[in-house]
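Visitor: Next comes entry07.cif, mmCIF, C-alpha atoms:
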```cif
data_structure
loop_
_atom_site.label_atom_id
_atom_site.label_comp_id
_atom_site.auth_asym_id
_atom_site.auth_seq_id
_atom_site.Cartn_x
_atom_site.Cartn_y
_atom_site.Cartn_z
CA MET A 113 14.19 6.91 48.22
CA LYS A 114 17.67 5.49 48.11
CA GLU A 115 16.25 2.06 48.52
CA LEU A 116 14.02 2.69 45.56
CA LEU A 117 16.92 3.77 43.42
CA ASN A 118 18.93 0.79 44.56
CA GLU A 119 16.07 -1.47 43.70
CA LEU A 120 15.78 0.08 40.31
CA LEU A 121 19.43 0.28 39.40
CA MET A 122 21.08 -2.51 41.26
CA GLU A 123 18.46 -5.17 40.89
CA ASP A 124 19.42 -8.53 39.60
CA LYS A 125 18.82 -8.34 35.88
CA THR A 126 18.84 -12.07 35.36
CA PHE A 127 15.51 -13.42 34.27
CA LEU A 128 16.28 -16.88 32.99
CA LYS A 129 19.06 -19.25 33.87
CA VAL A 130 19.64 -21.73 31.11
CA PRO A 131 21.91 -24.63 32.04
CA PHE A 132 24.87 -24.63 29.71
CA GLY A 133 27.93 -26.80 30.16
CA SER A 134 29.14 -26.59 33.75
CA GLY A 135 27.44 -23.24 34.44
CA TYR A 136 24.44 -21.17 33.47
CA LEU A 137 23.61 -18.83 30.66
CA GLU A 138 22.04 -15.84 32.30
CA ILE A 139 19.45 -14.25 30.07
CA TYR A 140 18.55 -10.74 31.19
CA LYS A 141 15.13 -9.28 31.70
CA SER A 142 15.87 -6.73 29.02
CA VAL A 143 16.37 -9.46 26.45
CA VAL A 144 13.12 -11.07 27.48
CA MET A 145 11.55 -7.63 27.20
CA THR A 146 12.82 -7.33 23.63
CA TRP A 147 11.33 -10.76 22.94
CA ILE A 148 8.00 -9.49 24.19
CA VAL A 149 8.28 -6.31 22.13
CA ILE A 150 9.24 -8.27 19.03
CA ALA A 151 6.46 -10.80 19.56
CA PHE A 152 4.00 -7.94 20.03
CA LEU A 153 5.26 -6.17 16.89
CA PHE A 154 5.18 -9.43 14.94
CA ILE A 155 1.58 -10.09 15.89
CA LEU A 156 0.68 -6.46 15.25
CA ILE A 157 2.28 -6.50 11.81
CA LEU A 158 0.66 -9.81 10.88
CA PHE A 159 -2.71 -8.50 12.02
CA LEU A 160 -2.37 -5.14 10.30
CA THR A 161 -1.09 -6.45 6.97
CA ARG A 162 -3.62 -9.26 6.71
CA GLY A 163 -5.55 -9.48 3.43
CA PHE A 164 -4.05 -6.57 1.55
CA THR A 165 -5.64 -5.81 -1.80
CA VAL A 166 -4.78 -3.45 -4.60
CA HIS A 167 -8.26 -1.96 -4.97
CA ASN A 168 -11.00 -1.08 -2.51
CA ILE A 169 -8.56 -0.97 0.34
CA SER A 170 -9.75 -1.04 3.94
CA LYS A 171 -9.09 1.81 6.33
CA ARG A 172 -6.62 -0.44 8.12
CA GLN A 173 -4.66 -0.97 4.92
CA ALA A 174 -4.77 2.73 4.09
CA ALA A 175 -3.41 3.51 7.55
CA VAL A 176 -0.63 0.92 7.28
CA GLU A 177 0.31 2.11 3.79
CA SER A 178 0.48 5.73 4.80
CA PHE A 179 2.41 4.80 7.93
CA VAL A 180 4.97 2.85 5.90
CA LEU A 181 5.26 5.66 3.36
CA TRP A 182 5.59 8.18 6.15
CA ILE A 183 8.32 6.26 7.98
CA ARG A 184 10.11 5.70 4.66
CA GLY A 185 9.87 9.41 4.01
CA VAL A 186 11.31 10.22 7.41
CA THR A 187 14.19 7.73 7.27
CA GLY A 188 14.76 8.26 3.56
CA GLY A 189 14.95 11.99 4.09
CA MET A 190 17.61 11.52 6.74
CA LEU A 191 19.57 8.98 4.70
CA GLY A 192 19.58 10.84 1.42
CA GLU A 193 19.18 9.31 -2.02
CA GLU A 194 22.38 7.29 -2.06
CA ALA A 195 21.63 5.34 1.08
CA ILE A 196 17.89 4.98 0.54
CA ARG A 197 18.21 1.18 0.59
CA TYR A 198 18.88 1.22 4.33
CA ALA A 199 15.61 3.06 5.01
CA ASP A 200 13.76 -0.13 5.94
CA TYR A 201 16.33 -1.14 8.56
CA ILE A 202 16.38 2.35 10.04
CA GLY A 203 12.58 2.36 10.08
CA THR A 204 12.55 -0.99 11.86
CA VAL A 205 15.01 0.26 14.49
CA LEU A 206 12.92 3.41 14.93
CA ILE A 207 9.78 1.37 15.56
CA PHE A 208 11.63 -1.03 17.85
CA ILE A 209 13.26 1.63 20.01
CA ALA A 210 10.07 3.68 20.19
CA PHE A 211 8.05 0.67 21.34
CA SER A 212 10.79 -0.44 23.73
CA ASN A 213 10.93 3.01 25.29
CA MET A 214 7.19 3.16 25.77
CA VAL A 215 6.67 -0.12 27.60
CA GLY A 216 7.12 1.97 30.74
CA LEU A 217 3.52 3.00 30.12
CA PHE A 218 2.44 -0.53 30.92
CA GLY A 219 4.58 -0.75 34.03
CA PHE A 220 7.44 -2.71 32.49
CA THR A 221 11.06 -1.72 32.69
CA PRO A 222 12.08 -0.50 29.23
CA ALA A 223 14.49 -2.83 27.48
CA THR A 224 16.53 0.19 26.40
CA MET A 225 17.25 0.90 30.05
CA ASP A 226 19.70 -1.98 29.95
CA LEU A 227 23.13 -1.12 28.65
CA ASN A 228 23.40 -4.44 26.84
CA VAL A 229 20.48 -3.62 24.58
CA THR A 230 21.75 -0.16 23.69
CA ILE A 231 25.22 -1.61 23.07
CA ALA A 232 23.69 -4.17 20.74
CA LEU A 233 21.79 -1.42 18.92
CA SER A 234 24.84 0.79 18.52
CA ILE A 235 27.05 -2.12 17.43
CA MET A 236 24.48 -2.85 14.72
CA SER A 237 24.53 0.81 13.77
CA ILE A 238 28.30 1.10 13.46
CA ILE A 239 28.47 -2.19 11.53
CA LEU A 240 25.82 -0.87 9.17
CA VAL A 241 27.61 2.47 8.80
CA GLU A 242 30.95 0.88 7.96
CA ALA A 243 29.36 -1.80 5.78
CA ALA A 244 27.59 0.91 3.83
CA GLY A 245 30.90 2.73 3.43
CA ILE A 246 32.71 -0.41 2.27
CA LYS A 247 29.93 -1.32 -0.11
CA LYS A 248 29.93 2.14 -1.62
CA ARG A 249 33.67 2.73 -1.94
CA GLY A 250 35.31 -0.71 -1.78
CA VAL A 251 37.64 -1.91 0.96
CA LYS A 252 40.67 -0.01 -0.36
CA ASN A 253 39.00 3.37 -0.57
CA TRP A 254 37.23 2.77 2.71
CA LEU A 255 40.60 2.22 4.42
CA LYS A 256 41.99 5.27 2.63
CA GLY A 257 39.04 7.22 3.94
CA PHE A 258 40.52 7.05 7.46
CA ALA A 259 43.43 9.20 6.33
CA GLN A 260 41.24 11.97 5.01
CA PRO A 261 41.32 14.90 4.86
CA MET A 262 44.91 14.41 6.06
CA ALA A 263 46.94 11.49 7.41
CA VAL A 264 47.52 13.16 10.78
CA ILE A 265 43.95 12.77 11.89
CA ALA A 266 43.77 9.08 11.02
CA PRO A 267 43.86 8.09 14.73
CA MET A 268 40.88 10.36 15.35
CA ASN A 269 38.98 8.73 12.52
CA VAL A 270 39.78 5.29 13.90
CA LEU A 271 38.68 6.43 17.34
CA GLU A 272 35.39 7.51 15.83
CA LEU A 273 34.66 3.85 15.17
CA VAL A 274 34.38 3.46 18.95
CA ILE A 275 33.18 6.92 19.92
CA ARG A 276 30.18 6.99 17.64
CA PRO A 277 28.53 3.78 18.86
CA LEU A 278 29.54 4.58 22.41
CA SER A 279 27.84 7.95 22.29
CA LEU A 280 24.81 6.44 20.63
CA CYS A 281 24.40 3.72 23.23
CA MET A 282 25.14 5.92 26.21
CA ARG A 283 22.77 8.64 25.05
CA LEU A 284 19.89 6.23 24.66
CA PHE A 285 20.68 4.35 27.83
CA GLY A 286 21.13 7.50 29.92
CA ASN A 287 17.96 9.15 28.68
CA ILE A 288 15.74 6.19 29.26
CA LEU A 289 17.37 5.45 32.60
CA GLY A 290 16.97 9.06 33.65
CA ALA A 291 13.35 9.17 32.52
CA THR A 292 12.54 5.96 34.38
CA VAL A 293 14.29 7.12 37.52
CA ILE A 294 12.44 10.43 37.46
CA MET A 295 9.15 8.64 36.88
CA GLU A 296 9.82 6.35 39.83
CA LEU A 297 10.64 9.40 41.98
CA ILE A 298 7.48 11.18 40.90
CA LYS A 299 5.46 8.08 41.66
CA PHE A 300 7.13 7.98 45.07
CA VAL A 301 6.57 11.65 45.90
CA MET A 302 3.18 12.29 44.24
CA PRO A 303 1.45 9.00 43.67
CA VAL A 304 -1.81 10.52 42.36
CA PHE A 305 -2.47 12.27 39.06
CA PHE A 306 1.05 13.58 38.45
CA PRO A 307 2.62 10.31 37.32
CA ALA A 308 0.09 10.10 34.51
CA LEU A 309 0.82 13.68 33.49
CA PHE A 310 4.57 13.29 33.54
CA SER A 311 4.37 9.88 31.94
CA LEU A 312 3.07 11.69 28.86
CA TYR A 313 6.40 13.43 28.61
CA PHE A 314 8.90 10.90 29.94
CA ASP A 315 7.45 7.72 28.50
CA ILE A 316 5.81 8.85 25.27
CA PHE A 317 7.50 12.06 24.16
CA ASP A 318 11.00 11.33 25.45
CA GLY A 319 10.77 7.74 24.28
CA ALA A 320 9.86 8.83 20.77
CA ILE A 321 12.45 11.61 20.75
CA GLN A 322 15.23 9.28 21.84
CA ALA A 323 14.25 6.71 19.22
CA TYR A 324 14.29 9.47 16.64
CA VAL A 325 17.65 10.83 17.80
CA PHE A 326 19.19 7.37 17.67
CA VAL A 327 18.07 6.65 14.12
CA PHE A 328 18.77 10.22 13.06
CA LEU A 329 22.41 9.98 14.10
CA THR A 330 22.77 6.51 12.60
CA SER A 331 21.30 7.80 9.34
CA LEU A 332 23.61 10.77 9.41
CA TYR A 333 26.65 8.50 9.80
CA ILE A 334 25.44 6.27 6.96
CA LYS A 335 24.83 9.27 4.74
CA GLU A 336 28.30 10.53 5.49
CA ALA A 337 29.79 7.10 4.82
CA VAL A 338 28.25 6.78 1.34
CA GLU A 339 28.91 10.30 0.18
CA MET B 132 23.44 -2.53 36.43
CA LEU B 133 26.33 -1.67 34.25
CA GLU B 134 27.65 -5.18 33.79
CA VAL B 135 27.99 -6.07 30.15
CA SER B 136 27.14 -9.53 28.98
CA LEU B 137 28.21 -10.61 25.52
CA LEU B 138 25.55 -13.27 25.49
CA ASN B 139 22.80 -10.74 26.03
CA ILE B 140 24.27 -8.35 23.48
CA GLY B 141 24.38 -11.21 21.00
CA LEU B 142 20.82 -12.18 21.78
CA THR B 143 19.65 -8.62 21.36
CA ILE B 144 21.40 -8.36 17.99
CA LEU B 145 19.75 -11.61 16.97
CA ASN B 146 16.41 -10.23 18.12
CA LEU B 147 16.97 -7.09 16.09
CA LEU B 148 17.80 -9.06 12.98
CA ILE B 149 14.73 -11.23 13.46
CA LEU B 150 12.58 -8.15 13.87
CA TYR B 151 14.16 -6.61 10.79
CA PHE B 152 13.42 -9.63 8.64
CA VAL B 153 9.89 -9.88 9.97
CA ALA B 154 9.29 -6.19 9.27
CA LYS B 155 10.97 -6.44 5.89
CA LYS B 156 8.99 -9.46 4.82
CA PHE B 157 5.59 -8.72 6.27
CA LEU B 158 5.32 -4.98 6.77
CA PHE B 159 7.46 -3.41 4.06
CA GLY B 160 7.23 -6.42 1.75
CA ARG B 161 3.46 -6.60 1.73
CA VAL B 162 3.01 -2.86 1.40
CA ASP B 163 5.59 -2.77 -1.38
CA ALA B 164 3.87 -5.59 -3.22
CA VAL B 165 0.63 -3.65 -3.18
CA LEU B 166 2.33 -0.40 -4.16
CA VAL B 167 4.25 -2.00 -7.02
CA GLN B 168 1.13 -3.70 -8.30
CA ARG B 169 -0.80 -0.46 -8.08
CA ARG B 170 1.92 1.43 -9.90
CA GLU B 171 1.96 -1.21 -12.63
CA GLU B 172 -1.77 -0.91 -12.99
CA VAL B 173 -1.55 2.84 -13.20
CA GLU B 174 1.18 2.57 -15.81
CA SER B 175 -0.75 0.08 -17.90
CA ALA B 176 -3.87 2.21 -17.59
CA THR B 177 -1.90 5.26 -18.70
CA LYS B 178 -0.49 3.31 -21.60
CA ALA B 179 -3.95 2.10 -22.59
CA ALA B 180 -5.26 5.64 -22.41
CA GLU B 181 -2.43 6.87 -24.58
CA THR B 182 -3.06 4.12 -27.13
CA ALA B 183 -6.76 4.94 -27.15
CA GLU B 184 -6.01 8.62 -27.64
CA GLN B 185 -3.67 7.83 -30.51
CA GLU B 186 -6.30 5.63 -32.10
CA ALA B 187 -8.89 8.34 -31.70
CA LEU B 188 -6.56 10.85 -33.33
CA ASN B 189 -5.91 8.46 -36.21
CA THR B 190 -9.61 7.88 -36.71
CA LYS B 191 -10.24 11.61 -36.59
CA LYS B 192 -7.62 12.17 -39.25
CA GLU B 193 -9.11 9.44 -41.37
CA TYR B 194 -12.51 11.04 -41.16
CA GLU B 195 -11.12 14.46 -41.90
CA ASP B 196 -9.48 13.02 -44.99
CA LYS B 197 -12.76 11.41 -45.91
CA ILE B 198 -14.62 14.68 -45.46
CA ALA B 199 -12.08 16.48 -47.63
CA HIS B 200 -12.58 13.79 -50.24
CA VAL B 201 -16.32 14.13 -49.93
CA ASP B 202 -16.09 17.70 -51.20
CA GLU B 203 -14.06 16.52 -54.14
CA GLU B 204 -16.48 13.71 -54.76
CA LYS B 205 -19.38 16.11 -54.63
CA GLU B 206 -17.73 18.32 -57.22
CA GLN B 207 -17.09 15.28 -59.36
CA ILE B 208 -20.65 14.08 -59.10
CA LEU B 209 -22.02 17.52 -59.87
CA ALA B 210 -19.74 17.78 -62.88
CA ASP B 211 -20.83 14.36 -64.04
CA ILE B 212 -24.47 15.26 -63.62
CA LYS B 213 -24.02 18.48 -65.53
CA LYS B 214 -22.30 16.66 -68.31
CA GLN B 215 -25.07 14.11 -68.41
CA GLY B 216 -27.63 16.88 -68.42
CA TYR B 217 -25.98 18.57 -71.37
CA ALA B 218 -25.83 15.29 -73.24
CA GLU B 219 -29.49 14.64 -72.57
CA TYR B 220 -30.37 18.17 -73.66
CA GLU B 221 -28.42 17.74 -76.84
CA ARG B 222 -30.08 14.43 -77.48
CA ILE B 223 -33.58 15.78 -76.90
CA VAL B 224 -33.02 18.85 -79.02
CA SER B 225 -31.55 16.87 -81.86
CA GLU B 226 -34.38 14.38 -81.67
CA ALA B 227 -36.92 17.17 -81.72
CA ARG B 228 -35.18 18.72 -84.68
CA LYS B 229 -35.17 15.42 -86.48
CA LYS B 230 -38.85 14.95 -85.76
CA GLY B 231 -39.61 18.42 -86.99
CA ASP B 232 -37.76 17.77 -90.21
CA GLN B 233 -39.61 14.54 -90.62
CA ILE B 234 -42.93 16.26 -90.03
CA ILE B 235 -42.06 18.90 -92.59
CA VAL B 236 -41.07 16.23 -95.10
CA GLU B 237 -44.25 14.32 -94.45
CA ALA B 238 -46.30 17.48 -94.77
CA LYS B 239 -44.65 18.27 -98.06
CA HIS B 240 -45.29 14.76 -99.25
CA ASN B 241 -48.92 14.94 -98.14
CA ALA B 242 -49.35 18.25 -99.90
CA GLU B 243 -47.94 16.76 -103.07
CA VAL B 244 -50.19 13.76 -102.79
CA GLU B 245 -53.18 16.06 -102.19
CA ASN B 246 -52.18 18.14 -105.15
CA GLU B 247 -51.92 15.05 -107.33
CA ARG B 248 -55.34 13.98 -106.18
CA ALA B 249 -56.83 17.41 -106.86
CA LYS B 250 -55.29 17.38 -110.33
CA GLU B 251 -56.72 13.91 -110.96
CA VAL B 252 -60.16 15.07 -109.83
CA TYR B 253 -59.89 18.11 -112.08
CA ALA B 254 -58.80 15.96 -115.00
CA ALA B 255 -61.71 13.59 -114.39
CA GLN B 256 -64.16 16.52 -114.30
CA LEU B 257 -62.57 17.90 -117.45
CA THR B 258 -62.96 14.55 -119.13
CA ASP B 259 -66.58 14.40 -118.01
CA MET B 260 -67.19 17.89 -119.30
CA VAL B 261 -65.58 17.10 -122.61
CA ILE B 262 -67.61 13.97 -122.84
CA ASP B 263 -70.67 15.94 -121.81
CA ALA B 264 -69.97 18.63 -124.36
CA ALA B 265 -69.24 16.11 -127.04
CA SER B 266 -72.46 14.30 -126.34
CA LYS B 267 -74.41 17.59 -126.37
CA ILE B 268 -72.86 18.54 -129.63
CA ALA B 269 -73.52 15.15 -130.96
CA ALA B 270 -77.13 15.20 -129.80
CA THR B 271 -78.12 18.61 -131.26
CA LYS B 272 -78.17 19.91 -134.69
CA HIS B 273 -75.95 22.77 -134.66
CA SER B 274 -74.81 25.67 -136.51
CA ALA B 275 -71.61 27.56 -136.50
CA ALA B 276 -73.20 30.06 -134.11
CA ASP B 277 -74.24 27.32 -131.85
CA ASP B 278 -70.76 25.86 -131.92
CA MET B 279 -69.32 29.22 -131.08
CA GLU B 280 -71.73 29.60 -128.18
CA LEU B 281 -70.99 26.14 -126.92
CA TYR B 282 -67.33 26.75 -127.16
CA GLU B 283 -67.66 29.97 -125.18
CA LYS B 284 -69.79 28.22 -122.62
CA PHE B 285 -67.28 25.41 -122.30
CA ILE B 286 -64.43 27.76 -121.92
CA ASN B 287 -66.32 29.72 -119.26
CA GLU B 288 -67.25 26.60 -117.38
CA ALA B 289 -63.73 25.31 -117.50
CA GLY B 290 -62.48 28.71 -116.41
CA ALA B 291 -64.93 28.83 -113.53
CA ASN B 292 -64.00 25.33 -112.48
CA ASN B 293 -60.38 26.04 -112.71
CA GLU B 294 -60.43 29.17 -110.66
#
```
Could you show the structure in this file as structure tokens?
Guide:
Amino acid sequence: MKELLNELLMEDKTFLKVPFGSGYLEIYKSVVMTWIVIAFLFILILFLTRGFTVHNISKRQAAVESFVLWIRGVTGGMLGEEAIRYADYIGTVLIFIAFSNMVGLFGFTPATMDLNVTIALSIMSIILVEAAGIKKRGVKNWLKGFAQPMAVIAPMNVLELVIRPLSLCMRLFGNILGATVIMELIKFVMPVFFPALFSLYFDIFDGAIQAYVFVFLTSLYIKEAVE
Amino acid sequence: MLEVSLLNIGLTILNLLILYFVAKKFLFGRVDAVLVQRREEVESATKAAETAEQEALNTKKEYEDKIAHVDEEKEQILADIKKQGYAEYERIVSEARKKGDQIIVEAKHNAEVENERAKEVYAAQLTDMVIDAASKIAATKHSAADDMELYEKFINEAGANNE
């Protein structure tokens, strides 16, 4: 069992070695996994949105339209009216994380199980949060915002710039890692029937929940920043 | 497993941005295009419907006005007809009166003419009788008695004729 965990957690993450200068650029499996997810989503989107019309829409178009409206409703509801313009980005991240979390269903290692990917996601989130704040209030007021409600807690507010993305990335990473580890253990202990059952929870439900939590918190921060 | 690689973080961010632009352009963009177009169509259809309704209301008003005027026109026409009828009546009555007068005048004239004629006939008969009497007197030998008798007879005859 320990060997299994070691294999899972300590494996060499390098997938590609690209010669660069005197050394190599090591591209991780997780990044390649995100390439696969993005390529899959790209093809899926191109296929689904092919030949849209205004009248006499196909079932496929109706499904895509209601899906887009639904996801806009979800993200827009979290963001509030003032930050509604970021709904599309949040929706995209939601789809991306959800798909990334669920590749475990197909036997791949989820990209979000790599810390680098979750760091990238949370860096994007905090940049978006602060950019939204700057755009809304202007640089001066945004800087002043750190000293509110009183100047004493300014260090705390500055710390939040690090804490928020850190918590976001660690939460996602830890959940997906935990789910994958548990799935591997279940597969090891009870190879028949049970993995499929538990996969329903750990891969599909937990994957979707974690994607939702990530975008929910990001949306909350953005909403707070533009208020 | 916890090693952090800036390269891979950068690549992931790049991937995310690529995915965002793909989703924005193809998924949200295409759906939005359809939705916007549909909304525009709905708006234009609503506008057209409103215009049509307004036109219908205008037409209705026009016809109501016309109908109101029709009553007035009817009254006018009836009044005109009545007036004409009275005029015609007057004309006919006056004509009839005129004709009646004329007939009376003509009748009077005819009666006079007839009277004249009757007088002429009577005068002619009288002349004949006188001539007759004169010739009788001339033809017979007569006495004073005879003359008296003749005279009586003549007077009687004339009286009988004249009655």
Visitor: Could the residues of chain B within 8 Å of chain A, counting all atoms listed in the file, be given as a list of chain:residue names, please?
Guide: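 Output check: B:Met132, B:Leu133, B:Glu134, B:Val135, B:Ser136, B:Leu137, B:Leu138, B:Asn139, B:Ile140, B:Gly141, B:Leu142, B:Thr143, B:Ile144, B:Asn146, B:Leu147, B:Leu150, B:Tyr151, B:Val153, B:Ala154, B:Lys155, B:Phe157, B:Leu158, B:Phe159, B:Arg161, B:Val162, B:Val165, B:Leu166, B:Gln168, B:Arg169.
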Visitor: One decimal, in Å: what's the spacing between CA of Leu329 in chain A and CA of Leu240 in chain A?
Guide: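 Going from CA of Leu329 in chain A over to CA of Leu240 in chain A covers 12.4 Å.
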Visitor: By how many Å are CA of Tyr313 in chain A and CA of Val186 in chain A apart?
Guide: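 Separation between CA of Tyr313 in chain A and CA of Val186 in chain A: 22.0 Å.
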Visitor: For the structure provided, state which residues fall under the PyMOL selection byres ((chain A and resi 190) around 7), and present them as number ranges by chain.
Guide: A: 186-189, 191-192, 328, 331-332
Visitor: Write out, as a compact mmCIF listing (two decimals), keeping the file's coordinate frame, the residues just selected, with C-alpha atoms.
Guide:
```
# COMPACT_ATOMS: atom_id res chain seq x y z
CA VAL A 186 11.31 10.22 7.41
CA THR A 187 14.19 7.73 7.27
CA GLY A 188 14.76 8.26 3.56
CA GLY A 189 14.95 11.99 4.09
CA LEU A 191 19.57 8.98 4.70
CA GLY A 192 19.58 10.84 1.42
CA PHE A 328 18.77 10.22 13.06
CA SER A 331 21.30 7.80 9.34
CA LEU A 332 23.61 10.77 9.41
```
Visitor: Could you tell me which residues the PyMOL selection byres ((chain A and resi 292) around 9) grabs in this file, written as JSON, numbers by chain?
Guide: {"A": [120, 216, 221, 222, 225, 287, 288, 289, 290, 291, 293, 294, 295, 296, 297, 314, 315]}
Visitor: Determine the nearest neighbour of Glu283 in chain B from the options B:Leu148, B:Ala238, B:Ala218, B:Ala264, counting only C-alpha atoms.
Guide: B:Ala264
Visitor: Between B:Ile198, B:Leu188, B:Val252, B:Ala265, which one has atoms that come closest to Tyr282 in chain B, using all atoms listed in the file?
Guide: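 Going through B:Ile198, B:Leu188, B:Val252, B:Ala265 one by one, the smallest distance to Tyr282 in chain B is for B:Ala265.
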Visitor: What is the CA of Tyr324 in chain A-CA of Leu206 in chain A distance in Å, reported with one decimal?
Guide: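 CA of Tyr324 in chain A sits 6.4 Å away from CA of Leu206 in chain A.
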Visitor: Would you mind completing range 211-218 of chain B to all heavy atoms and writing the output as a short mmCIF file (atom, residue, chain, number, x, y, z; two decimals), keeping the file's coordinate frame?
Guide:
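The result, written out as rebuild20.cif:
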```cif
data_model
loop_
_atom_site.label_atom_id
_atom_site.label_comp_id
_atom_site.auth_asym_id
_atom_site.auth_seq_id
_atom_site.Cartn_x
_atom_site.Cartn_y
_atom_site.Cartn_z
N ASP B 211 -20.30 15.47 -63.26
CA ASP B 211 -20.83 14.36 -64.04
C ASP B 211 -22.28 14.61 -64.42
O ASP B 211 -22.70 14.42 -65.58
CB ASP B 211 -20.74 13.05 -63.23
CG ASP B 211 -19.33 12.51 -63.25
OD1 ASP B 211 -18.48 13.13 -63.93
OD2 ASP B 211 -19.09 11.49 -62.58
N ILE B 212 -23.04 15.04 -63.39
CA ILE B 212 -24.47 15.26 -63.62
C ILE B 212 -24.68 16.35 -64.67
O ILE B 212 -25.51 16.21 -65.58
CB ILE B 212 -25.17 15.62 -62.30
CG1 ILE B 212 -25.31 14.37 -61.46
CG2 ILE B 212 -26.52 16.24 -62.55
CD1 ILE B 212 -25.81 14.63 -60.08
N LYS B 213 -23.90 17.39 -64.55
CA LYS B 213 -24.02 18.48 -65.53
C LYS B 213 -23.74 17.97 -66.94
O LYS B 213 -24.48 18.27 -67.89
CB LYS B 213 -23.03 19.59 -65.18
CG LYS B 213 -23.64 20.67 -64.29
CD LYS B 213 -22.65 21.76 -64.06
CE LYS B 213 -23.09 22.65 -62.89
NZ LYS B 213 -21.99 23.44 -62.39
N LYS B 214 -22.68 17.19 -67.00
CA LYS B 214 -22.30 16.66 -68.31
C LYS B 214 -23.43 15.83 -68.89
O LYS B 214 -23.83 15.98 -70.04
CB LYS B 214 -21.04 15.79 -68.14
CG LYS B 214 -20.10 15.87 -69.33
CD LYS B 214 -18.98 14.90 -69.18
CE LYS B 214 -17.72 15.56 -68.68
NZ LYS B 214 -16.67 14.56 -68.40
N GLN B 215 -23.96 14.98 -67.98
CA GLN B 215 -25.07 14.11 -68.41
C GLN B 215 -26.24 14.95 -68.87
O GLN B 215 -26.89 14.66 -69.88
CB GLN B 215 -25.49 13.22 -67.25
CG GLN B 215 -24.83 11.85 -67.29
CD GLN B 215 -25.27 11.03 -66.10
OE1 GLN B 215 -26.15 11.45 -65.35
NE2 GLN B 215 -24.65 9.88 -65.94
N GLY B 216 -26.51 15.99 -68.10
CA GLY B 216 -27.63 16.88 -68.42
C GLY B 216 -27.46 17.50 -69.79
O GLY B 216 -28.39 17.48 -70.62
N TYR B 217 -26.25 17.96 -70.06
CA TYR B 217 -25.98 18.57 -71.37
C TYR B 217 -26.21 17.56 -72.49
O TYR B 217 -26.85 17.85 -73.51
CB TYR B 217 -24.55 19.09 -71.42
CG TYR B 217 -24.40 20.44 -70.77
CD1 TYR B 217 -23.42 20.67 -69.81
CD2 TYR B 217 -25.26 21.49 -71.13
CE1 TYR B 217 -23.28 21.89 -69.21
CE2 TYR B 217 -25.13 22.72 -70.52
CZ TYR B 217 -24.15 22.92 -69.57
OH TYR B 217 -24.03 24.13 -68.97
N ALA B 218 -25.70 16.34 -72.21
CA ALA B 218 -25.83 15.29 -73.24
C ALA B 218 -27.29 15.02 -73.52
O ALA B 218 -27.72 14.97 -74.69
CB ALA B 218 -25.12 14.02 -72.75
#
```
